[in-house]
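> Sharing a structure here in structure tokens format.
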Amino acid sequence: PAKFNFNLVKDGREKLLSIPYQNEDHSILVNVSPLMFGHGLLIPWCSKCLPQSLTADAISIAFHTLQKSKSNRLRIGFNSLGAFSSVNHLHLHILYPDELDRATNGCKSGTLFARQHGFPIEHAPIQRTLKTTTIAGNKLNSSSTGCRVDVLEWKAPCFSFSSHPCSIPECNVANGKNNGNDVKEFRAIKDAVVYFVTLLQSLSIPHNVLFVHDNKCQKLRVIVLPRQPQHQFDADTAGFNAALGEISGYLIAKTKEHFFNFDEEKIIELFQDNVACDETLIERLCLEIEKRYP
């Protein structure tokens, strides 16, 4: 509390809106160093000055915020301590990665990026599937709800948790309603993500997390990237931080000179050597997931 925290933000102009959840309002603030148009900060239970640790409640409010949004382009991000989080006060990033194209949208010259919505990491191929289970632990089928866990083939190994599309008529979201509580088709993915993030915390493994929600098919997805501590990555020499945005595929250069000196092969090598966890640890995490969902 003696250091900077978001309770010190007194200027009403920096508060964009509040998200009601569990009988409390949770602030969305302006980000003073935005990476893109619409970049804000979600501060759950701000007055409690919670540490930068992703709890079950924080995961729930991330899901809730995504469900409330009418935009398929909204993403929510999280950087843990040791993963380029700038403030030790619980906060998540409100992100619109497609807005990085804003400068060229509508221009005859085309767009900056290929027309794939979201971050590039969302389109990474699946290396292997660990588990596809229902809430009850049974195998998924076309009419069940549950969670699928995949390891993605990316610059640094990461884990994708996906909810299975809901077909339960009485489900609130399936009926286009949401009362702010956890609903059936998201219970399995929430439990799986909470388990995995708690495991990383117990092992003191820093991590970056990306939350995605597809309003059209009511599908939630969470990508979790375990990583080496940030002191292993020399951001000044590299010319960029290795936080969620950069790891997810959008490099934010520190200077114009850095930008023009970027080399894709060297950047991939940096991620593999100074961000990615070693294969032994990744395999251990895979085994923990498979033990959890036999």
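Quick note on naming: the chains in the structure tokens go A, B, ... in the order shown, residues restart at 1 in each chain, and ligands are numbered from 1 in order of appearance.
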Name the residues in contact with Leu29 of chain A at a cut-off of 8 Å, using only C-alpha atoms, excluding same-chain residues fewer than 4 positions from it; report them as a list in words.

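After dropping sequence-adjacent residues, the list is Glu14, Lys15, Leu16, Leu17, Gly40, Leu41, Leu42 and Ile43 of chain A.
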
> From segment 217-257 of chain A, collect each residue whose DSSP state is alpha helix (DSSP H) and return the set as a list in words.

Ala235, Asp236, Thr237, Ala238, Leu244, Gly245, Glu246, Ile247, Lys256 and Glu257 of chain A

> Write out as a PyMOL selection string the set of residues from segment 205-292 of chain A that DSSP, computed on the backbone, places in strand (DSSP E).

chain A and resi 207-214+219-226

> Kindly export the residues of the current selection with all heavy atoms, as a short mmCIF file (atom, residue, chain, number, x, y, z; two decimals), in the first residue's frame.


data_model
loop_
_atom_site.label_atom_id
_atom_site.label_comp_id
_atom_site.auth_asym_id
_atom_site.auth_seq_id
_atom_site.Cartn_x
_atom_site.Cartn_y
_atom_site.Cartn_z
N HIS A 207 3.91 -16.47 -15.27
CA HIS A 207 3.04 -16.86 -16.37
C HIS A 207 2.29 -15.66 -16.94
O HIS A 207 2.05 -14.67 -16.25
CB HIS A 207 2.02 -17.92 -15.91
CG HIS A 207 1.39 -17.62 -14.58
ND1 HIS A 207 2.05 -17.87 -13.39
CD2 HIS A 207 0.20 -17.07 -14.25
CE1 HIS A 207 1.28 -17.51 -12.37
NE2 HIS A 207 0.14 -17.01 -12.87
N ASN A 208 1.97 -15.77 -18.21
CA ASN A 208 1.12 -14.80 -18.91
C ASN A 208 -0.15 -15.52 -19.33
O ASN A 208 -0.10 -16.69 -19.73
CB ASN A 208 1.84 -14.23 -20.13
CG ASN A 208 3.19 -13.62 -19.78
OD1 ASN A 208 4.21 -14.29 -19.90
ND2 ASN A 208 3.21 -12.38 -19.35
N VAL A 209 -1.28 -14.82 -19.26
CA VAL A 209 -2.57 -15.47 -19.51
C VAL A 209 -3.40 -14.60 -20.46
O VAL A 209 -3.47 -13.37 -20.30
CB VAL A 209 -3.35 -15.69 -18.20
CG1 VAL A 209 -4.65 -16.46 -18.46
CG2 VAL A 209 -2.49 -16.44 -17.18
N LEU A 210 -4.03 -15.23 -21.44
CA LEU A 210 -4.90 -14.55 -22.39
C LEU A 210 -6.28 -15.18 -22.35
O LEU A 210 -6.43 -16.39 -22.51
CB LEU A 210 -4.31 -14.65 -23.80
CG LEU A 210 -5.12 -13.98 -24.93
CD1 LEU A 210 -5.16 -12.47 -24.74
CD2 LEU A 210 -4.54 -14.34 -26.29
N PHE A 211 -7.32 -14.34 -22.12
CA PHE A 211 -8.72 -14.79 -22.09
C PHE A 211 -9.41 -14.36 -23.39
O PHE A 211 -9.33 -13.19 -23.78
CB PHE A 211 -9.46 -14.17 -20.91
CG PHE A 211 -8.95 -14.57 -19.55
CD1 PHE A 211 -7.90 -13.88 -18.96
CD2 PHE A 211 -9.55 -15.61 -18.85
CE1 PHE A 211 -7.43 -14.23 -17.70
CE2 PHE A 211 -9.09 -15.97 -17.58
CZ PHE A 211 -8.03 -15.27 -17.01
N VAL A 212 -10.11 -15.30 -24.01
CA VAL A 212 -10.80 -15.04 -25.28
C VAL A 212 -12.23 -15.58 -25.17
O VAL A 212 -12.45 -16.65 -24.58
CB VAL A 212 -10.08 -15.75 -26.45
CG1 VAL A 212 -10.78 -15.47 -27.78
CG2 VAL A 212 -8.62 -15.34 -26.52
N HIS A 213 -13.18 -14.85 -25.76
CA HIS A 213 -14.57 -15.31 -25.76
C HIS A 213 -15.18 -15.09 -27.14
O HIS A 213 -15.12 -13.98 -27.67
CB HIS A 213 -15.41 -14.57 -24.71
CG HIS A 213 -16.82 -15.04 -24.60
ND1 HIS A 213 -17.90 -14.20 -24.48
CD2 HIS A 213 -17.35 -16.30 -24.59
CE1 HIS A 213 -19.02 -14.90 -24.39
NE2 HIS A 213 -18.71 -16.18 -24.46
N ASP A 214 -15.73 -16.14 -27.72
CA ASP A 214 -16.41 -16.03 -29.01
C ASP A 214 -17.91 -15.94 -28.74
O ASP A 214 -18.54 -16.93 -28.36
CB ASP A 214 -16.09 -17.24 -29.88
CG ASP A 214 -16.63 -17.09 -31.30
OD1 ASP A 214 -17.61 -16.36 -31.49
OD2 ASP A 214 -16.07 -17.73 -32.21
N LYS A 219 -18.21 -19.70 -26.77
CA LYS A 219 -17.07 -20.53 -26.42
C LYS A 219 -15.99 -19.70 -25.75
O LYS A 219 -15.62 -18.64 -26.25
CB LYS A 219 -16.51 -21.21 -27.67
CG LYS A 219 -15.41 -22.22 -27.40
CD LYS A 219 -15.01 -22.92 -28.69
CE LYS A 219 -13.92 -23.95 -28.44
NZ LYS A 219 -13.52 -24.64 -29.69
N LEU A 220 -15.51 -20.17 -24.62
CA LEU A 220 -14.42 -19.50 -23.90
C LEU A 220 -13.11 -20.23 -24.15
O LEU A 220 -13.08 -21.46 -24.29
CB LEU A 220 -14.70 -19.52 -22.39
CG LEU A 220 -15.38 -18.30 -21.79
CD1 LEU A 220 -15.71 -18.58 -20.34
CD2 LEU A 220 -14.52 -17.06 -21.89
N ARG A 221 -12.04 -19.45 -24.17
CA ARG A 221 -10.71 -20.05 -24.33
C ARG A 221 -9.73 -19.27 -23.48
O ARG A 221 -9.80 -18.03 -23.41
CB ARG A 221 -10.29 -20.00 -25.80
CG ARG A 221 -9.00 -20.76 -26.08
CD ARG A 221 -8.66 -20.69 -27.56
NE ARG A 221 -7.47 -21.45 -27.87
CZ ARG A 221 -6.69 -21.22 -28.92
NH1 ARG A 221 -6.98 -20.25 -29.76
NH2 ARG A 221 -5.62 -21.94 -29.12
N VAL A 222 -8.83 -19.99 -22.83
CA VAL A 222 -7.79 -19.36 -22.02
C VAL A 222 -6.45 -19.96 -22.42
O VAL A 222 -6.30 -21.19 -22.42
CB VAL A 222 -8.03 -19.57 -20.50
CG1 VAL A 222 -6.95 -18.85 -19.69
CG2 VAL A 222 -9.42 -19.08 -20.11
N ILE A 223 -5.51 -19.10 -22.78
CA ILE A 223 -4.16 -19.56 -23.13
C ILE A 223 -3.22 -19.15 -22.01
O ILE A 223 -3.14 -17.98 -21.65
CB ILE A 223 -3.70 -18.95 -24.47
CG1 ILE A 223 -4.64 -19.39 -25.59
CG2 ILE A 223 -2.26 -19.38 -24.78
CD1 ILE A 223 -4.35 -18.75 -26.94
N VAL A 224 -2.53 -20.13 -21.43
CA VAL A 224 -1.62 -19.89 -20.31
C VAL A 224 -0.21 -20.24 -20.76
O VAL A 224 0.04 -21.35 -21.23
CB VAL A 224 -2.00 -20.72 -19.07
CG1 VAL A 224 -1.10 -20.37 -17.90
CG2 VAL A 224 -3.47 -20.50 -18.69
N LEU A 225 0.70 -19.28 -20.60
CA LEU A 225 2.09 -19.51 -21.00
C LEU A 225 3.00 -19.48 -19.77
O LEU A 225 3.32 -18.40 -19.26
CB LEU A 225 2.52 -18.45 -22.02
CG LEU A 225 3.84 -18.75 -22.75
CD1 LEU A 225 3.78 -18.26 -24.19
CD2 LEU A 225 5.04 -18.12 -22.05
N PRO A 226 3.43 -20.65 -19.28
CA PRO A 226 4.43 -20.69 -18.20
C PRO A 226 5.76 -20.20 -18.79
O PRO A 226 6.06 -20.45 -19.95
CB PRO A 226 4.50 -22.17 -17.83
CG PRO A 226 3.37 -22.83 -18.54
CD PRO A 226 3.06 -22.00 -19.72
#

> Give me, as a Markdown table, the closest atom pair and its distance (Å, one decimal) for every residue of segment 185-231 of chain A within a cut-off of 8 Å of segment 265-284 of chain A, counting only C-alpha atoms, rows sorted by chain and rising number.


| residue | atom | partner | partner_atom | distance |
| --- | --- | --- | --- | --- |
| A:Pro226 | CA | A:Cys277 | CA | 6.7 |
| A:Arg227 | CA | A:Cys277 | CA | 5.2 |
| A:Gln228 | CA | A:Val275 | CA | 5.1 |
| A:Pro229 | CA | A:Val275 | CA | 7.6 |
| A:Gln230 | CA | A:Val275 | CA | 7.6 |

> Generate the output file for the selected residues, all heavy atoms, as a PDB file, in the first residue's frame.


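The resulting part.pdb:
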ATOM      1  N   PRO A 226       3.429 -20.653 -19.278  1.00  0.00           N
ATOM      2  CA  PRO A 226       4.432 -20.688 -18.204  1.00  0.00           C
ATOM      3  C   PRO A 226       5.760 -20.197 -18.786  1.00  0.00           C
ATOM      4  O   PRO A 226       6.064 -20.446 -19.954  1.00  0.00           O
ATOM      5  CB  PRO A 226       4.505 -22.170 -17.828  1.00  0.00           C
ATOM      6  CG  PRO A 226       3.371 -22.832 -18.541  1.00  0.00           C
ATOM      7  CD  PRO A 226       3.060 -21.998 -19.722  1.00  0.00           C
ATOM      8  N   ARG A 227       6.579 -19.561 -17.971  1.00  0.00           N
ATOM      9  CA  ARG A 227       7.784 -18.953 -18.537  1.00  0.00           C
ATOM     10  C   ARG A 227       8.909 -18.839 -17.529  1.00  0.00           C
ATOM     11  O   ARG A 227       8.713 -19.029 -16.323  1.00  0.00           O
ATOM     12  CB  ARG A 227       7.438 -17.555 -19.045  1.00  0.00           C
ATOM     13  CG  ARG A 227       6.811 -16.698 -17.941  1.00  0.00           C
ATOM     14  CD  ARG A 227       6.646 -15.273 -18.352  1.00  0.00           C
ATOM     15  NE  ARG A 227       7.937 -14.646 -18.618  1.00  0.00           N
ATOM     16  CZ  ARG A 227       8.082 -13.586 -19.416  1.00  0.00           C
ATOM     17  NH1 ARG A 227       7.037 -13.063 -20.007  1.00  0.00           N
ATOM     18  NH2 ARG A 227       9.270 -13.055 -19.603  1.00  0.00           N
ATOM     19  N   GLN A 228      10.072 -18.483 -18.034  1.00  0.00           N
ATOM     20  CA  GLN A 228      11.192 -18.157 -17.165  1.00  0.00           C
ATOM     21  C   GLN A 228      10.940 -16.778 -16.541  1.00  0.00           C
ATOM     22  O   GLN A 228      10.217 -15.950 -17.106  1.00  0.00           O
ATOM     23  CB  GLN A 228      12.488 -18.114 -17.974  1.00  0.00           C
ATOM     24  CG  GLN A 228      12.891 -19.425 -18.618  1.00  0.00           C
ATOM     25  CD  GLN A 228      14.179 -19.298 -19.402  1.00  0.00           C
ATOM     26  OE1 GLN A 228      15.170 -18.744 -18.917  1.00  0.00           O
ATOM     27  NE2 GLN A 228      14.180 -19.821 -20.635  1.00  0.00           N
ATOM     28  N   PRO A 229      11.543 -16.506 -15.372  1.00  0.00           N
ATOM     29  CA  PRO A 229      11.393 -15.177 -14.752  1.00  0.00           C
ATOM     30  C   PRO A 229      11.903 -14.080 -15.685  1.00  0.00           C
ATOM     31  O   PRO A 229      12.821 -14.290 -16.487  1.00  0.00           O
ATOM     32  CB  PRO A 229      12.253 -15.281 -13.488  1.00  0.00           C
ATOM     33  CG  PRO A 229      12.358 -16.742 -13.207  1.00  0.00           C
ATOM     34  CD  PRO A 229      12.348 -17.423 -14.540  1.00  0.00           C
ATOM     35  N   GLN A 230      11.316 -12.899 -15.568  1.00  0.00           N
ATOM     36  CA  GLN A 230      11.617 -11.817 -16.511  1.00  0.00           C
ATOM     37  C   GLN A 230      13.069 -11.352 -16.464  1.00  0.00           C
ATOM     38  O   GLN A 230      13.575 -10.797 -17.451  1.00  0.00           O
ATOM     39  CB  GLN A 230      10.692 -10.625 -16.268  1.00  0.00           C
ATOM     40  CG  GLN A 230      10.904  -9.902 -14.951  1.00  0.00           C
ATOM     41  CD  GLN A 230       9.880  -8.803 -14.734  1.00  0.00           C
ATOM     42  OE1 GLN A 230       8.685  -9.062 -14.696  1.00  0.00           O
ATOM     43  NE2 GLN A 230      10.341  -7.572 -14.581  1.00  0.00           N
TER      44      GLN A 230
END

> Counting only C-alpha atoms, which of A:Asn5, A:Thr198, A:Asn79, A:Ser60 gets nearest to Ala242 of chain A?

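Of all the options, A:Asn79 lies closest to Ala242 of chain A.
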
> Any idea what's packed within 9 Å of Thr255 of chain A, counting only C-alpha atoms, ignoring anything in its chain fewer than 4 positions away? Could you give it as a CSV table (one decimal) with N, CA, C and O atoms, in the first residue's frame?


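Final output, part-v1.csv:
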chain,number,residue,atom,x,y,z
A,239,GLY,N,15.1,-4.7,-27.2
A,239,GLY,CA,14.3,-3.7,-27.8
A,239,GLY,C,12.8,-3.8,-27.5
A,239,GLY,O,12.1,-3.0,-28.1
A,240,PHE,N,12.4,-4.7,-26.7
A,240,PHE,CA,11.0,-4.9,-26.4
A,240,PHE,C,10.9,-5.7,-25.1
A,240,PHE,O,11.8,-6.5,-24.7
A,259,PHE,N,13.0,-1.0,-33.8
A,259,PHE,CA,12.0,-1.6,-34.7
A,259,PHE,C,12.7,-2.0,-36.0
A,259,PHE,O,12.5,-3.1,-36.6
A,260,PHE,N,13.5,-1.1,-36.6
A,260,PHE,CA,14.1,-1.3,-37.9
A,260,PHE,C,15.3,-2.4,-37.8
A,260,PHE,O,15.7,-2.9,-38.8

> Tell me, in Å to one decimal, how far atom CA of Asp150 of chain A is from atom CA of Leu100 of chain A.

27.7 Å

> I'd like to know which of A:Gly82, A:Pro51, A:Pro20, A:Pro120 is closest to Asp98 of chain A, using only C-alpha atoms.

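Among the listed residues, the smallest separation from Asp98 of chain A belongs to A:Pro120.
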
> With only C-alpha atoms as the counted atoms, please give the residues lying no more than 10 Å from Cys286 of chain A, apart from itself and same-chain residues fewer than 6 positions off, as a ChimeraX atom specification.

/A:129-131,149-151,159,280,292

> Considering only C-alpha atoms, can you say which of A:Tyr293, A:Asn88, A:Tyr250, A:Phe78 comes closest to Ala188 of chain A?

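Nearest candidate to Ala188 of chain A out of A:Tyr293, A:Asn88, A:Tyr250, A:Phe78: A:Tyr293.
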
> Between A:Phe4, A:Phe84, A:Tyr195, A:Phe161, which has the minimum distance to Cys49 of chain A (counting only C-alpha atoms)?

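Closest to Cys49 of chain A, using only C-alpha atoms: A:Phe4.
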
> Could you please determine the separation between atom CA of Gln201 of chain A and atom CA of Glu288 of chain A in Å, to one decimal place?

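These two atoms are separated by 13.8 Å.
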
> Within 10 Å of Gly118 of chain A, counting only C-alpha atoms, which residues qualify if same-chain residues fewer than 5 places away don't, as a PyMOL selection string?

chain A and resi 72-75+95-99+123+212+248-249

> Just to be explicit: take each residue in the selection above, keep N, CA and C atoms, and write the result as a tab-separated table (two decimals), in the first residue's frame.


chain	number	residue	atom	x	y	z
A	72	ASN	N	-16.61	-9.37	-30.28
A	72	ASN	CA	-15.77	-10.56	-30.38
A	72	ASN	C	-14.30	-10.22	-30.36
A	73	ARG	N	-13.98	-8.93	-30.42
A	73	ARG	CA	-12.59	-8.51	-30.53
A	73	ARG	C	-11.95	-8.21	-29.17
A	74	LEU	N	-12.76	-8.22	-28.12
A	74	LEU	CA	-12.22	-7.97	-26.79
A	74	LEU	C	-11.39	-9.16	-26.33
A	75	ARG	N	-10.22	-8.87	-25.76
A	75	ARG	CA	-9.39	-9.86	-25.10
A	75	ARG	C	-9.04	-9.34	-23.71
A	95	LEU	N	-7.97	-5.50	-23.75
A	95	LEU	CA	-7.20	-5.41	-24.99
A	95	LEU	C	-8.09	-5.58	-26.22
A	96	TYR	N	-7.78	-4.82	-27.26
A	96	TYR	CA	-8.43	-4.95	-28.56
A	96	TYR	C	-7.33	-5.06	-29.61
A	97	PRO	N	-6.70	-6.24	-29.76
A	97	PRO	CA	-5.54	-6.36	-30.65
A	97	PRO	C	-5.83	-5.96	-32.09
A	98	ASP	N	-7.08	-6.13	-32.54
A	98	ASP	CA	-7.40	-5.74	-33.92
A	98	ASP	C	-7.25	-4.24	-34.13
A	99	GLU	N	-7.29	-3.47	-33.04
A	99	GLU	CA	-7.17	-2.02	-33.16
A	99	GLU	C	-5.74	-1.60	-33.52
A	123	HIS	N	-3.97	-18.46	-33.11
A	123	HIS	CA	-4.04	-19.27	-34.33
A	123	HIS	C	-2.89	-20.27	-34.42
A	212	VAL	N	-10.11	-15.30	-24.01
A	212	VAL	CA	-10.80	-15.04	-25.28
A	212	VAL	C	-12.23	-15.58	-25.17
A	248	SER	N	2.44	-12.97	-27.31
A	248	SER	CA	1.29	-13.40	-28.10
A	248	SER	C	1.44	-13.06	-29.58
A	249	GLY	N	2.53	-12.38	-29.94
A	249	GLY	CA	2.81	-12.18	-31.35
A	249	GLY	C	2.89	-10.76	-31.85

> Neighbouring residues of Leu285 of chain A were defined as those with any atom within 9 Å, considering only C-alpha atoms; residues of the same chain fewer than 4 positions away were excluded. Please report them as a list in words.

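Answer for this query is Phe196, Leu199, Leu200, Thr280, Leu281, Ile289 and Glu290 of chain A.
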
> Hey, can you check how far atom CA of Arg187 of chain A sits from atom CA of Phe63 of chain A?

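According to the coordinates, atom CA of Arg187 of chain A and atom CA of Phe63 of chain A are separated by 10.6 Å.
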
> Closest to Ile59 of chain A among A:Gly146, A:Gly77, A:Gly245, A:Pro157, using only C-alpha atoms?

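Using only C-alpha atoms, the shortest distance to Ile59 of chain A belongs to A:Gly77.
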